[in-house]
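Participant: My structure is stored as upload-v6.txt, with compact mmCIF, C-alpha atoms.
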# COMPACT_ATOMS: atom_id res chain seq x y z
CA MET A 1 108.92 53.43 81.07
CA ILE A 2 108.04 53.27 77.39
CA GLU A 3 110.47 55.16 75.16
CA LYS A 4 109.66 57.02 71.95
CA ILE A 5 109.73 55.24 68.60
CA ARG A 6 112.61 56.44 66.44
CA LEU A 7 111.54 57.40 62.93
CA TYR A 8 113.22 57.32 59.55
CA GLY A 9 115.95 59.96 59.56
CA ASP A 10 117.06 59.23 63.13
CA GLU A 11 120.74 58.26 62.88
CA ILE A 12 120.43 55.37 65.36
CA LEU A 13 118.40 53.43 62.77
CA ARG A 14 121.44 53.42 60.46
CA LYS A 15 124.01 52.28 63.02
CA VAL A 16 125.13 48.68 63.49
CA SER A 17 124.04 47.71 67.01
CA LYS A 18 126.50 46.55 69.62
CA PRO A 19 126.44 42.93 70.82
CA ILE A 20 125.32 42.49 74.41
CA SER A 21 128.23 41.12 76.44
CA LYS A 22 126.45 40.97 79.80
CA ILE A 23 122.75 40.46 80.40
CA ASP A 24 122.18 42.55 83.51
CA ASP A 25 119.29 44.52 85.04
CA ASP A 26 119.73 47.36 82.52
CA ILE A 27 119.40 44.95 79.59
CA ARG A 28 116.37 43.27 81.22
CA ARG A 29 114.78 46.71 81.72
CA LYS A 30 115.31 47.54 78.06
CA GLY A 31 113.84 44.18 77.06
CA LYS A 32 110.85 44.88 79.30
CA ASN A 33 110.40 48.30 77.65
CA LEU A 34 110.34 46.65 74.21
CA VAL A 35 107.73 44.12 75.36
CA GLU A 36 105.63 46.82 77.06
CA TYR A 37 105.62 48.82 73.84
CA LEU A 38 104.37 45.82 71.87
CA GLU A 39 101.61 45.20 74.39
CA LYS A 40 100.55 48.82 74.88
CA TYR A 41 100.24 49.52 71.16
CA ASP A 42 99.23 45.98 70.12
CA GLU A 43 102.22 45.71 67.80
CA PHE A 44 103.90 42.63 66.43
CA ALA A 45 107.68 43.18 66.40
CA LEU A 46 110.21 45.78 67.51
CA SER A 47 113.99 46.13 67.55
CA ALA A 48 116.04 47.84 70.25
CA PRO A 49 117.28 50.63 67.91
CA GLN A 50 113.66 51.63 67.27
CA LEU A 51 113.45 52.65 70.94
CA GLY A 52 116.87 54.31 70.86
CA TYR A 53 118.97 51.42 72.21
CA SER A 54 121.95 50.56 69.99
CA ILE A 55 122.10 46.96 71.20
CA THR A 56 121.42 43.62 69.50
CA MET A 57 117.97 42.79 70.81
CA PHE A 58 114.50 42.51 69.31
CA VAL A 59 111.11 41.26 70.44
CA LEU A 60 108.24 39.50 68.65
CA ARG A 61 104.70 38.61 69.63
CA PRO A 62 103.91 35.28 67.94
CA ILE A 63 100.64 36.33 66.31
CA TRP A 64 100.77 33.19 64.14
CA ILE A 65 99.83 31.10 67.21
CA GLU A 66 96.06 30.57 67.15
CA ASP A 67 95.69 30.27 70.94
CA THR A 68 95.86 33.92 72.02
CA THR A 69 96.69 32.92 75.60
CA LYS A 70 100.03 31.59 74.29
CA ARG A 71 101.03 34.70 72.33
CA LYS A 72 103.56 35.87 74.88
CA ALA A 73 106.22 38.24 73.56
CA MET A 74 109.62 36.67 72.97
CA VAL A 75 112.89 38.52 73.54
CA PHE A 76 115.87 37.68 71.31
CA ILE A 77 119.35 38.85 72.34
CA ASN A 78 122.47 38.64 70.15
CA PRO A 79 120.64 36.84 67.33
CA THR A 80 122.65 35.11 64.62
CA LEU A 81 121.06 34.03 61.35
CA LEU A 82 122.37 30.57 60.42
CA GLU A 83 120.46 29.17 57.43
CA PHE A 84 118.10 30.47 54.76
CA GLU A 85 115.72 28.55 52.50
CA GLY A 86 113.17 29.50 49.87
CA VAL A 87 111.81 32.90 48.90
CA GLN A 88 108.77 34.94 49.85
CA ASN A 89 107.87 38.33 48.40
CA GLU A 90 105.32 40.03 50.64
CA SER A 91 104.38 43.53 51.70
CA GLU A 92 106.23 44.97 54.69
CA GLY A 93 105.83 48.02 56.81
CA CYS A 94 107.73 49.42 59.77
CA LEU A 95 106.87 51.44 62.85
CA SER A 96 109.86 53.67 62.07
CA ILE A 97 108.56 54.37 58.55
CA PRO A 98 104.82 54.87 59.14
CA GLU A 99 102.26 54.52 56.36
CA ILE A 100 104.70 53.06 53.82
CA PHE A 101 104.32 49.45 52.69
CA GLU A 102 106.29 47.73 49.94
CA LYS A 103 106.95 44.18 48.82
CA VAL A 104 110.30 42.82 50.00
CA LYS A 105 111.98 39.53 49.10
CA ARG A 106 112.94 37.50 52.15
CA ALA A 107 113.80 33.87 52.84
CA GLN A 108 110.75 31.68 53.41
CA LYS A 109 112.57 29.86 56.19
CA VAL A 110 115.40 31.00 58.46
CA VAL A 111 117.22 29.14 61.19
CA PHE A 112 118.71 31.37 63.86
CA LYS A 113 119.99 31.32 67.40
CA ALA A 114 119.62 33.90 70.14
CA GLN A 115 119.85 34.34 73.87
CA ASN A 116 116.92 35.02 76.18
CA LEU A 117 116.85 37.51 79.08
CA PHE A 118 118.64 34.96 81.29
CA GLY A 119 121.49 34.40 78.84
CA LYS A 120 120.38 30.97 77.67
CA TRP A 121 121.00 30.24 73.97
CA LYS A 122 118.30 28.60 71.90
CA GLN A 123 118.02 27.74 68.21
CA TYR A 124 114.83 28.53 66.30
CA THR A 125 113.42 27.61 62.92
CA ALA A 126 111.19 30.36 61.58
CA ILE A 127 108.92 30.08 58.55
CA ASN A 128 106.58 32.44 56.71
CA LEU A 129 105.60 35.48 58.83
CA PHE A 130 107.93 34.49 61.70
CA SER A 131 110.83 34.24 59.23
CA ARG A 132 109.97 37.59 57.64
CA ALA A 133 109.76 39.31 61.02
CA VAL A 134 113.06 37.86 62.24
CA GLN A 135 114.84 39.02 59.09
CA HIS A 136 113.22 42.48 59.24
CA GLU A 137 114.16 43.01 62.90
CA TYR A 138 117.64 41.56 62.40
CA ASP A 139 118.16 44.07 59.58
CA HIS A 140 117.38 46.86 62.06
CA LEU A 141 120.26 45.62 64.21
CA GLU A 142 122.53 45.94 61.17
CA GLY A 143 121.36 49.49 60.35
CA ILE A 144 119.28 48.29 57.39
CA LEU A 145 115.69 49.36 56.74
CA PHE A 146 113.17 47.51 54.58
CA ILE A 147 113.19 50.37 52.07
CA ASP A 148 116.85 49.55 51.38
CA LYS A 149 115.64 46.28 49.89
CA ILE A 150 113.25 47.76 47.33
CA SER A 151 114.14 49.03 43.88
CA THR A 152 115.85 52.38 43.41
CA LEU A 153 112.85 53.56 41.38
CA LYS A 154 110.40 52.73 44.19
CA ARG A 155 112.64 54.49 46.71
CA LYS A 156 112.75 57.58 44.48
CA LEU A 157 108.96 57.56 44.27
CA LEU A 158 108.84 57.50 48.09
CA GLN A 159 111.32 60.36 48.59
CA GLY A 160 108.66 62.94 49.39
CA LYS A 161 107.04 60.75 52.06
CA LEU A 162 110.44 59.80 53.49
CA LYS A 163 111.54 63.45 53.72
CA LYS A 164 108.31 64.28 55.53
CA ILE A 165 108.91 61.48 58.06
CA ALA A 166 112.56 62.51 58.48
CA SER A 167 111.50 66.08 59.25
CA THR A 168 109.81 64.84 62.46
CA THR A 169 112.70 62.78 63.84
CA LYS A 170 114.49 65.12 66.21
CA ASP A 171 113.27 63.24 69.29
CA GLY A 172 111.44 60.31 67.72
CA ILE A 173 107.71 60.00 68.29
CA ASN A 174 105.33 57.79 70.22
CA ILE A 175 102.56 56.21 68.20
CA GLY A 176 99.15 56.32 69.82
Represent the structure contained in this file as structure tokens.

Facilitator:
Amino acid sequence: MIEKIRLYGDEILRKVSKPISKIDDDIRRKGKNLVEYLEKYDEFALSAPQLGYSITMFVLRPIWIEDTTKRKAMVFINPTLLEFEGVQNESEGCLSIPEIFEKVKRAQKVVFKAQNLFGKWKQYTAINLFSRAVQHEYDHLEGILFIDKISTLKRKLLQGKLKKIASTTKDGINIG
């Protein structure tokens, strides 16, 4: 079952997610829901809070891989960011803040570790778009949105759009 996307203004997007202590059938179902959402709507990345789950999990489809047959969605549970290197300043958007895009400074390279759906830990080195996506989704798990990383002036200029989005957040919304 695919859940509804939570939009800006939904309080779950501002909560720090809870670590997953046991990877059981419920956690696997939630991971499957995240992956199904990515596939159904041809999206790139999604965090658990965006579907209403306050747990430390996010998924990514590796669109940077040229061979489309190898672009299988990856599930990351209990991620921990370990190292940062370099700087990139690129435009970002978010499914929870539709139609708003702003430049955000992120590390060019990030090393992180996470568990998969079977509890196995693995370490990853992410660069460029992969690095940006990991940092963006990790921020969601910490209750941080990309608009928190832009200037106060830019946020003020977006207030009208943000209020409009927040006015539709009672139950979240499905895109599509």

Participant: In Å to one decimal, how far is CA of Ile144 (chain A) from CA of Val75 (chain A)?

Facilitator: 19.9 Å

Participant: Identify, on the basis of all atoms listed in the file, every residue whose closest approach to Glu90 (chain A) does not exceed 7 Å; exclude the query and any residue fewer than 6 positions from it along the same chain; express the result as a PyMOL selection string.

Facilitator: chain A and resi 103-105

Participant: One decimal, Å: what's the distance from CA of His136 (chain A) over to CA of Trp121 (chain A), could you say?

Facilitator: 20.7 Å

Participant: Taking all atoms listed in the file into account, which of A:Ile5, A:Ile97, A:Leu129, A:Ile20 comes nearest Phe44 (chain A)?

Facilitator: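 Ranking A:Ile5, A:Ile97, A:Leu129, A:Ile20 by distance to Phe44 (chain A), first place goes to A:Leu129.
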
Participant: For CA of Arg61 (chain A) and CA of Arg28 (chain A), determine how far apart the two atoms are, in Å to one decimal place.

Facilitator: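 Atom-to-atom, CA of Arg61 (chain A) and CA of Arg28 (chain A) are spaced 17.1 Å apart.
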
Participant: Find the axis-aligned box for region 104-112 of chain A, covering all its listed atoms and adding 8 Å on each side, and write its centre and edge lengths in Å to one decimal as AutoDock Vina command-line options.

Facilitator:
--center_x 114.5 --center_y 36.0 --center_z 56.5 --size_x 24.4 --size_y 29.7 --size_z 30.8

Participant: Might you pull out every residue within 10 Å of Lys15 (chain A), with only C-alpha atoms counted and same-chain residues fewer than 4 positions away left off, and present them as an mmCIF file with C-alpha atoms, in the coordinates of the input?

Facilitator:
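Result file part_33.cif:
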data_model
loop_
_atom_site.group_PDB
_atom_site.id
_atom_site.type_symbol
_atom_site.label_atom_id
_atom_site.label_comp_id
_atom_site.auth_asym_id
_atom_site.auth_seq_id
_atom_site.Cartn_x
_atom_site.Cartn_y
_atom_site.Cartn_z
ATOM 1 C CA ASP A 10 117.060 59.230 63.130
ATOM 2 C CA GLU A 11 120.740 58.260 62.880
ATOM 3 C CA PRO A 49 117.280 50.630 67.910
ATOM 4 C CA SER A 54 121.950 50.560 69.990
ATOM 5 C CA ILE A 55 122.100 46.960 71.200
ATOM 6 C CA HIS A 140 117.380 46.860 62.060
ATOM 7 C CA LEU A 141 120.260 45.620 64.210
ATOM 8 C CA GLU A 142 122.530 45.940 61.170
ATOM 9 C CA GLY A 143 121.360 49.490 60.350
ATOM 10 C CA ILE A 144 119.280 48.290 57.390
#

Participant: Looking at A:Glu92, A:Phe118, A:Ile100, A:Asn128, which one is nearest to Lys164 (chain A), with distances taken over all atoms listed in the file?

Facilitator: A:Ile100
